[in-house]
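Text of coords-v3.tsv (TSV, C-alpha atoms) as supplied:
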chain	number	residue	atom	x	y	z
W	139	MET	CA	-10.03	39.42	61.20
W	140	ASP	CA	-8.82	35.80	60.95
W	141	ILE	CA	-8.05	34.34	57.60
W	142	GLU	CA	-9.79	31.01	56.88
W	143	TYR	CA	-6.91	29.09	55.32
W	144	THR	CA	-8.71	25.76	55.58
W	145	SER	CA	-11.65	26.83	53.48
W	146	MET	CA	-9.36	28.62	50.99
W	147	TYR	CA	-7.20	25.58	50.26
W	148	THR	CA	-10.07	23.10	50.24
W	149	ASP	CA	-11.57	24.92	47.26
W	150	PHE	CA	-8.22	25.35	45.54
W	151	ASN	CA	-8.04	23.41	42.23
W	152	PRO	CA	-4.83	23.64	40.20
W	153	GLY	CA	-6.65	22.19	37.14
W	154	PHE	CA	-4.30	19.26	36.66
W	155	SER	CA	-4.68	15.58	37.29
W	156	PHE	CA	-2.07	12.96	36.50
W	157	ALA	CA	-4.40	10.83	34.32
W	158	ASP	CA	-5.56	13.87	32.37
W	159	GLY	CA	-2.00	15.12	31.87
W	160	ALA	CA	-0.72	11.69	30.82
W	161	MET	CA	-3.51	11.32	28.30
W	162	LYS	CA	-2.85	14.78	26.86
W	163	LEU	CA	0.85	13.99	26.58
W	164	PHE	CA	0.04	10.71	24.84
W	165	VAL	CA	-2.33	12.41	22.39
W	166	GLY	CA	0.25	15.16	21.74
W	167	ILE	CA	2.94	12.59	20.90
W	168	LEU	CA	0.44	10.67	18.76
W	169	LEU	CA	-0.46	13.80	16.77
W	170	PHE	CA	3.20	14.59	16.23
W	171	ALA	CA	3.82	10.98	15.08
W	172	ILE	CA	0.88	11.09	12.63
W	173	ILE	CA	2.08	14.31	10.99
W	174	PHE	CA	5.66	12.97	10.86
W	175	TYR	CA	4.33	9.77	9.24
W	176	ALA	CA	2.36	11.78	6.65
W	177	PHE	CA	5.56	13.67	5.73
W	178	MET	CA	7.45	10.38	5.47
W	179	LEU	CA	4.76	9.14	3.07
W	180	ILE	CA	5.44	12.13	0.81
W	181	LEU	CA	9.17	11.39	0.80
W	182	LYS	CA	8.60	7.67	0.11
W	183	VAL	CA	6.24	8.38	-2.79
W	184	ARG	CA	8.77	10.83	-4.24
W	185	VAL	CA	11.42	8.08	-4.22
W	186	LEU	CA	9.01	5.50	-5.65
W	187	ARG	CA	7.91	7.87	-8.43
W	188	ASP	CA	11.55	8.17	-9.47
W	189	THR	CA	11.92	4.40	-9.41
W	190	LEU	CA	8.80	3.47	-11.29
W	191	HIS	CA	5.90	5.04	-13.17
W	192	VAL	CA	2.99	2.87	-14.13
W	193	ALA	CA	0.42	5.39	-15.37
W	194	LYS	CA	0.23	8.71	-17.17
W	195	ASN	CA	-1.74	10.48	-14.45
W	196	ASP	CA	-0.18	9.68	-11.12
W	197	ILE	CA	-3.00	9.67	-8.60
W	198	THR	CA	-0.69	8.88	-5.68
W	199	LYS	CA	0.75	12.41	-5.57
W	200	GLN	CA	-2.72	13.92	-5.24
W	201	MET	CA	-3.69	11.40	-2.56
W	202	ILE	CA	-0.53	12.03	-0.57
W	203	MET	CA	-1.01	15.81	-0.72
W	204	LEU	CA	-4.64	15.44	0.37
W	205	ASN	CA	-3.47	13.17	3.19
W	206	ILE	CA	-0.93	15.69	4.47
W	207	PHE	CA	-3.58	18.45	4.50
W	208	VAL	CA	-6.02	16.17	6.33
W	209	SER	CA	-3.28	15.17	8.80
W	210	ILE	CA	-2.17	18.73	9.56
W	211	GLY	CA	-5.74	20.11	9.66
W	212	GLY	CA	-7.00	17.20	11.75
W	213	GLY	CA	-3.95	17.44	14.01
W	214	ILE	CA	-4.54	21.13	14.71
W	215	LEU	CA	-8.26	20.56	15.29
W	216	ALA	CA	-7.59	17.61	17.62
W	217	PHE	CA	-4.90	19.67	19.41
W	218	ILE	CA	-7.43	22.45	20.05
W	219	LEU	CA	-10.18	20.06	21.15
W	220	ILE	CA	-8.11	17.82	23.41
W	221	LEU	CA	-5.05	19.68	24.59
W	222	LEU	CA	-6.30	23.24	25.06
X	892	MET	CA	-9.15	-6.86	-31.96
X	893	ALA	CA	-7.66	-3.73	-30.42
X	894	GLN	CA	-5.29	-5.92	-28.45
X	895	LYS	CA	-3.94	-7.62	-31.59
X	896	THR	CA	-2.93	-4.33	-33.21
X	897	SER	CA	-1.21	-3.10	-30.02
X	898	ILE	CA	1.18	-6.05	-30.04
X	899	PRO	CA	4.66	-4.76	-30.93
X	900	LYS	CA	6.24	-6.08	-34.13
X	901	LYS	CA	8.88	-8.23	-32.48
X	902	PHE	CA	6.21	-10.19	-30.56
X	903	ARG	CA	4.13	-11.10	-33.61
X	904	ASN	CA	6.26	-14.21	-34.03
X	905	LYS	CA	4.37	-17.48	-33.39
X	906	GLU	CA	6.99	-18.55	-30.87
X	907	PHE	CA	5.47	-16.15	-28.34
X	908	THR	CA	2.76	-18.62	-27.38
X	909	PHE	CA	1.55	-16.62	-24.39
X	910	ILE	CA	0.19	-13.89	-26.66
X	911	ASN	CA	-2.35	-16.20	-28.27
X	912	ASN	CA	-3.29	-17.64	-24.88
X	913	LEU	CA	-3.80	-14.26	-23.22
X	914	ALA	CA	-5.15	-12.24	-26.13
X	915	ASN	CA	-8.20	-14.46	-26.64
X	916	GLY	CA	-11.55	-13.12	-25.51
X	917	LYS	CA	-12.78	-9.58	-24.94
X	918	GLU	CA	-10.23	-7.08	-23.69
X	919	GLU	CA	-12.43	-5.86	-20.81
X	920	ASP	CA	-12.86	-9.44	-19.54
X	921	ARG	CA	-9.15	-10.03	-19.21
X	922	THR	CA	-7.51	-9.65	-15.80
X	923	LEU	CA	-4.03	-9.32	-17.24
X	924	LYS	CA	-3.41	-6.55	-19.79
X	925	LEU	CA	-0.62	-7.24	-22.23
X	926	PHE	CA	1.73	-4.48	-23.39
X	927	PRO	CA	0.49	-1.65	-21.15
X	928	LYS	CA	1.30	1.94	-22.15
X	929	ASN	CA	3.10	4.60	-20.07
X	930	VAL	CA	5.05	2.14	-17.93
X	931	GLY	CA	8.65	2.87	-17.10
X	932	PHE	CA	11.22	2.12	-14.43
X	933	ALA	CA	14.64	3.35	-13.41
X	934	ARG	CA	16.85	0.93	-15.37
X	935	LYS	CA	14.69	0.31	-18.44
X	936	ALA	CA	16.72	-0.13	-21.63
X	937	GLN	CA	15.78	1.82	-24.78
X	938	ASP	CA	14.76	-1.25	-26.75
X	939	GLU	CA	13.16	-3.00	-23.80
X	940	GLU	CA	9.46	-3.75	-24.16
X	941	VAL	CA	7.12	-4.00	-21.18
X	942	ILE	CA	4.94	-7.07	-21.65
X	943	LEU	CA	2.95	-7.29	-18.46
X	944	VAL	CA	2.43	-5.40	-15.21
X	945	VAL	CA	1.26	-7.59	-12.35
X	946	ARG	CA	-0.15	-6.06	-9.19
X	947	ARG	CA	-1.05	-7.80	-5.96
X	948	HIS	CA	-4.77	-8.37	-5.70
X	949	TRP	CA	-6.63	-5.72	-3.65
X	950	ILE	CA	-7.76	-8.42	-1.22
X	951	ALA	CA	-4.19	-8.41	0.15
X	952	TYR	CA	-4.97	-4.99	1.66
X	953	LEU	CA	-8.30	-5.93	3.22
X	954	ALA	CA	-6.64	-6.03	6.66
X	955	HIS	CA	-5.65	-2.36	6.26
X	956	VAL	CA	-9.25	-1.40	5.47
X	957	LEU	CA	-10.57	-3.34	8.46
X	958	LEU	CA	-7.94	-1.77	10.72
X	959	ALA	CA	-8.94	1.72	9.50
X	960	LEU	CA	-12.58	0.95	10.30
X	961	ILE	CA	-11.69	-0.35	13.78
X	962	VAL	CA	-9.65	2.79	14.51
X	963	LEU	CA	-12.66	4.91	13.52
X	964	ILE	CA	-14.94	3.00	15.88
X	965	VAL	CA	-12.62	3.08	18.94
X	966	PRO	CA	-13.55	6.63	20.18
X	967	LEU	CA	-17.26	5.86	19.85
X	968	VAL	CA	-16.83	2.63	21.85
X	969	LEU	CA	-14.80	4.54	24.48
X	970	LEU	CA	-17.54	7.15	24.71
X	971	LEU	CA	-20.22	4.50	25.21
X	972	VAL	CA	-18.17	2.64	27.83
X	973	THR	CA	-16.92	5.58	29.92
X	974	HIS	CA	-19.39	8.45	29.62
X	975	LYS	CA	-21.16	7.53	32.87
X	976	ILE	CA	-18.02	6.64	34.85
X	977	SER	CA	-16.27	9.98	35.13
X	978	ASP	CA	-16.82	13.61	34.22
X	979	THR	CA	-13.33	13.96	32.77
X	980	TYR	CA	-13.59	11.01	30.43
X	981	GLY	CA	-17.18	11.71	29.51
X	982	GLY	CA	-16.45	15.17	28.06
X	983	THR	CA	-17.95	15.53	24.58
X	984	THR	CA	-15.12	17.81	23.41
X	985	LEU	CA	-12.54	15.21	24.38
X	986	TYR	CA	-14.28	12.47	22.44
X	987	LEU	CA	-14.78	14.74	19.48
X	988	GLY	CA	-11.02	15.37	19.56
X	989	LEU	CA	-10.30	11.65	19.79
X	990	PHE	CA	-12.64	11.05	16.85
X	991	VAL	CA	-10.71	13.61	14.78
X	992	VAL	CA	-7.46	11.80	15.72
X	993	SER	CA	-8.98	8.47	14.67
X	994	VAL	CA	-10.10	9.94	11.33
X	995	VAL	CA	-6.56	11.18	10.68
X	996	ILE	CA	-5.05	7.79	11.64
X	997	SER	CA	-7.57	5.95	9.41
X	998	ALA	CA	-6.79	8.26	6.49
X	999	ASN	CA	-3.07	7.52	6.88
X	1000	ILE	CA	-3.70	3.76	7.05
X	1001	LEU	CA	-5.84	3.86	3.90
X	1002	VAL	CA	-3.39	6.06	1.98
X	1003	THR	CA	-0.54	3.73	2.99
X	1004	ALA	CA	-2.56	0.74	1.76
X	1005	PHE	CA	-3.26	2.51	-1.53
X	1006	MET	CA	0.40	3.45	-1.92
X	1007	GLN	CA	1.41	-0.16	-1.28
X	1008	TRP	CA	-1.17	-1.47	-3.77
X	1009	TYR	CA	-0.07	1.05	-6.38
X	1010	TYR	CA	3.67	0.47	-6.05
X	1011	ASN	CA	3.81	-3.25	-5.18
X	1012	VAL	CA	4.16	-4.27	-8.81
X	1013	SER	CA	6.08	-6.72	-10.91
X	1014	ILE	CA	6.96	-5.66	-14.42
X	1015	ILE	CA	7.64	-8.38	-16.95
X	1016	THR	CA	9.66	-7.22	-19.92
X	1017	ASP	CA	11.33	-9.10	-22.77
X	1018	LYS	CA	14.66	-8.98	-20.89
X	1019	LYS	CA	13.87	-9.35	-17.22
X	1020	ILE	CA	11.40	-9.18	-14.38
X	1021	VAL	CA	11.42	-6.14	-12.12
X	1022	ALA	CA	9.71	-6.44	-8.75
X	1023	LEU	CA	9.10	-3.49	-6.50
X	1024	THR	CA	7.93	-4.33	-3.00
X	1025	VAL	CA	6.94	-1.59	-0.58
X	1026	ALA	CA	6.98	-3.23	2.84
X	1027	ASN	CA	6.13	-0.04	4.71
X	1028	VAL	CA	6.81	3.69	4.58
X	1029	PHE	CA	10.41	3.17	5.68
X	1030	GLN	CA	11.35	0.20	3.48
X	1031	HIS	CA	11.06	-0.92	-0.12
X	1032	ASP	CA	12.88	-3.53	-2.20
X	1033	TYR	CA	13.67	-3.32	-5.90
X	1034	ILE	CA	14.66	-6.61	-7.52
X	1035	GLU	CA	15.65	-7.29	-11.12
X	1036	ILE	CA	16.18	-10.78	-12.49
X	1037	LEU	CA	17.30	-11.36	-16.06
X	1038	TRP	CA	15.49	-14.18	-17.89
X	1039	ARG	CA	18.77	-15.89	-18.76
X	1040	LYS	CA	19.44	-16.35	-15.02
X	1041	VAL	CA	16.06	-17.88	-14.23
X	1042	GLN	CA	16.12	-21.62	-13.68
X	1043	ASP	CA	12.78	-22.44	-12.20
X	1044	VAL	CA	9.33	-20.83	-12.02
X	1045	SER	CA	6.52	-22.23	-9.93
X	1046	HIS	CA	3.30	-21.15	-8.28
X	1047	ASP	CA	0.96	-22.36	-5.58
X	1048	SER	CA	-2.58	-21.57	-4.60
X	1049	VAL	CA	-3.33	-21.89	-0.90
X	1050	GLY	CA	-6.51	-21.17	1.02
X	1051	PRO	CA	-10.15	-20.43	0.24
X	1052	LEU	CA	-9.48	-16.87	-0.99
X	1053	SER	CA	-7.09	-18.21	-3.62
X	1054	SER	CA	-9.76	-20.55	-4.92
X	1055	MET	CA	-12.51	-17.91	-4.90
X	1056	LEU	CA	-10.50	-15.11	-6.51
X	1057	ASP	CA	-8.02	-17.17	-8.56
X	1058	LEU	CA	-4.94	-15.97	-6.71
X	1059	GLY	CA	-1.60	-17.58	-6.02
X	1060	ASN	CA	1.98	-17.09	-4.98
X	1061	MET	CA	4.76	-17.26	-7.57
X	1062	TYR	CA	8.32	-18.37	-6.95
X	1063	ILE	CA	11.11	-17.42	-9.35
X	1064	ASP	CA	14.39	-19.18	-8.74
X	1065	THR	CA	17.87	-18.55	-10.10
X	1066	ALA	CA	21.09	-20.49	-9.51
X	1067	GLY	CA	22.04	-20.90	-5.89
X	1068	GLU	CA	20.13	-21.76	-2.79
X	1069	GLY	CA	16.61	-20.67	-1.99
X	1070	VAL	CA	13.92	-18.84	-3.92
X	1071	ASP	CA	15.08	-15.48	-5.25
X	1072	LEU	CA	11.76	-13.80	-5.83
X	1073	THR	CA	8.39	-14.51	-4.29
X	1074	LEU	CA	5.31	-12.73	-5.57
X	1075	THR	CA	2.24	-13.01	-3.37
X	1076	PHE	CA	-1.47	-12.57	-4.16
X	1077	VAL	CA	-0.82	-12.79	-7.91
X	1078	PRO	CA	-4.04	-12.85	-9.96
X	1079	CYS	CA	-4.24	-15.65	-12.57
X	1080	PRO	CA	-0.86	-17.18	-11.58
X	1081	ARG	CA	-1.06	-19.84	-14.34
X	1082	ASP	CA	-1.20	-17.17	-17.04
X	1083	VAL	CA	1.67	-15.20	-15.49
X	1084	GLN	CA	3.75	-18.36	-15.22
X	1085	ASP	CA	2.91	-19.16	-18.84
X	1086	VAL	CA	4.29	-15.77	-19.91
X	1087	ILE	CA	7.45	-16.15	-17.83
X	1088	ASP	CA	8.08	-19.76	-18.91
X	1089	ASN	CA	7.74	-18.76	-22.55
X	1090	LEU	CA	10.15	-15.83	-22.17
X	1091	VAL	CA	12.69	-17.90	-20.21
X	1092	GLU	CA	12.55	-20.69	-22.78
X	1093	LEU	CA	13.06	-18.33	-25.72
X	1094	THR	CA	15.92	-16.57	-23.91
X	1095	HIS	CA	17.69	-19.84	-23.14
X	1096	LYS	CA	17.30	-20.82	-26.80
X	1097	GLY	CA	18.88	-17.49	-27.79
X	1098	LYS	CA	15.77	-16.30	-29.64
X	1099	LEU	CA	15.11	-13.31	-27.44
What does the file become when written as structure tokens?
Amino acid sequence: MDIEYTSMYTDFNPGFSFADGAMKLFVGILLFAIIFYAFMLILKVRVLRDTLHVAKNDITKQMIMLNIFVSIGGGILAFILILL
Amino acid sequence: MAQKTSIPKKFRNKEFTFINNLANGKEEDRTLKLFPKNVGFARKAQDEEVILVVRRHWIAYLAHVLLALIVLIVPLVLLLVTHKISDTYGGTTLYLGLFVVSVVISANILVTAFMQWYYNVSIITDKKIVALTVANVFQHDYIEILWRKVQDVSHDSVGPLSSMLDLGNMYIDTAGEGVDLTLTFVPCPRDVQDVIDNLVELTHKGKL
């Protein structure tokens, strides 16, 4: 029995295209940058809180913590939706 | 009259003319609050009294808010433009993912704007002016200028926003070339200049 190589390899799809891969790489780097930025915001606010305090209840700390949770949660969700 | 009683003892002298000018009218109507509580900074002296805290007007951060809105809209525009062109770029899951990314980016832009608004302050005390400027998440400047070193204070008001919202830029100059401190988007710049002029004058006379 002859093997039909032509028909086998015509249907073969490795599941990768350059545009798709490039976009996923870009989104991956973007997600990493966003989470890195959110961490840098925490560090900056920590320094600024030591430099200056202008109110009794510092709302910035709560906002920054909320932001890091949104960034990490959103990053993981976007990672699952786009990259996987 | 709550404002009158909160004036510290050493400022109840008539030579502090700015107090009478700023303390007139209802407290809730005033843009500038004299002698705020719970304000401190790294190099504040024990006997140093904080007179005024000046923040940039929120309109200075309008560009951040607009940018955050644009970033939110981008995935929806992309979806509308490309959903009929290709199967790959029309995938709902992909656009949902991009929307989540845009929400996260927008949140970071807004939090950065809030952080800048909160920490871009100038504190006027009886000894000096302290200006903290947060340019971005990687850079901030902390400037202190003693009143005895100040030689010239001026302000300008440029553009329609300045006229509508009573904003201006302030320039504080010490000896040497150039302006040493520039404060932008200052609300009620005349009143702030009045306070600074009064403090500088009293310091130069040796009364402060």
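For Ile210 (chain W), the non-local neighbours within 9 Å, defined as residues at least 6 positions apart in the same chain or in other chains and counting only C-alpha atoms, are Leu169, Ile172, Ile173 and Ala176 of chain W; Val995 of chain X.
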CA of Ala157 (chain W) and CA of Val992 (chain X) are how many Å apart? 18.9 Å
Which protein, DNA or RNA residues have an atom at most 10 Å from (-5.0, 21.8, 25.1), counting all atoms listed in the file? List them as a PyMOL selection string. chain W and resi 159+162-163+166+216-222
Please determine the contact residues of chain X with respect to chain W at a cut-off of 8 Å, counting only C-alpha atoms, and supply them as a ChimeraX atom specification. /X:928-933,979,984-985,987-989,991-992,994-996,998-999,1002-1003,1006,1009-1010,1028-1029
So how far away is CA of Asn904 (chain X) from CA of Lys1098 (chain X), in Å? 10.7 Å
Centre and edge lengths, as JSON, for the axis-aligned box enclosing every listed atom of region 180-198 of chain W with 8 Å of padding on each of the six sides, in Å to one decimal?
{"center_x": 4.5, "center_y": 7.5, "center_z": -8.2, "size_x": 30.9, "size_y": 25.3, "size_z": 34.0}
Which residue is closest to Leu960 (chain X)? Choose from X:Asn1011, X:Thr1016, X:Thr1065, X:Ser993 and count only C-alpha atoms. X:Ser993
Taking (7.7, -6.4, -8.8) in the coordinates of the supplied file, I want to know which residues reach to within 7 Å of it, counting all atoms listed in the file; could you give the answer as a ChimeraX atom specification? /X:1011-1014,1021-1024
Write the residues of the selection above to a file with C-alpha atoms, as an mmCIF file, in the coordinates of the input.
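Now in out.cif:
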data_model
loop_
_atom_site.group_PDB
_atom_site.id
_atom_site.type_symbol
_atom_site.label_atom_id
_atom_site.label_comp_id
_atom_site.auth_asym_id
_atom_site.auth_seq_id
_atom_site.Cartn_x
_atom_site.Cartn_y
_atom_site.Cartn_z
ATOM 1 C CA ASN X 1011 3.810 -3.250 -5.180
ATOM 2 C CA VAL X 1012 4.160 -4.270 -8.810
ATOM 3 C CA SER X 1013 6.080 -6.720 -10.910
ATOM 4 C CA ILE X 1014 6.960 -5.660 -14.420
ATOM 5 C CA VAL X 1021 11.420 -6.140 -12.120
ATOM 6 C CA ALA X 1022 9.710 -6.440 -8.750
ATOM 7 C CA LEU X 1023 9.100 -3.490 -6.500
ATOM 8 C CA THR X 1024 7.930 -4.330 -3.000
#
Separation of CA of Lys1018 (chain X) from CA of Phe1005 (chain X), in Å and rounded to one decimal: 28.8 Å
Near Val1041 (chain X), within 8 Å and counting only C-alpha atoms, which residues show up once chain neighbours fewer than 3 positions away are dropped, as a ChimeraX atom specification? /X:1036-1038,1044,1063-1066,1091
As a list in words, please: the residues near region 1077-1080 of chain X (cut-off 9 Å, only C-alpha atoms, same-chain neighbours under 6 positions excluded).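 Using only C-alpha atoms, the neighbours found are Thr922, Leu923, Val945, Arg946, Arg947, His948, His1046, Asp1047, Ser1048, Ser1053, Leu1056, Asp1057, Leu1058, Gly1059, Asn1060 and Met1061 of chain X.
The shortest atom-to-atom distance to Ile1020 (chain X), with all atoms listed in the file taken into account, belongs to X:Tyr1033 out of X:Phe1076, X:Lys975, X:Tyr1033, X:Val962.
In this comparison, which uses only C-alpha atoms, the residue of X:Asp1082, X:Val944, X:Tyr986, X:Ile950 approaching Met1055 (chain X) most closely is X:Ile950.
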Excluding Asn1089 (chain X) and its own-chain neighbours fewer than 3 positions away, which residues fall within 8 Å of it when counting only C-alpha atoms? Please give them as an NGL selection string. :X and (907-909 or 1085-1086 or 1092-1093)
So that I have them on file, write out the residues from the current selection with C-alpha atoms, as a JSON list (two decimals), keeping the file's coordinate frame.
[["chain", "number", "residue", "atom", "x", "y", "z"],
["X", 907, "PHE", "CA", 5.47, -16.15, -28.34],
["X", 908, "THR", "CA", 2.76, -18.62, -27.38],
["X", 909, "PHE", "CA", 1.55, -16.62, -24.39],
["X", 1085, "ASP", "CA", 2.91, -19.16, -18.84],
["X", 1086, "VAL", "CA", 4.29, -15.77, -19.91],
["X", 1092, "GLU", "CA", 12.55, -20.69, -22.78],
["X", 1093, "LEU", "CA", 13.06, -18.33, -25.72]]
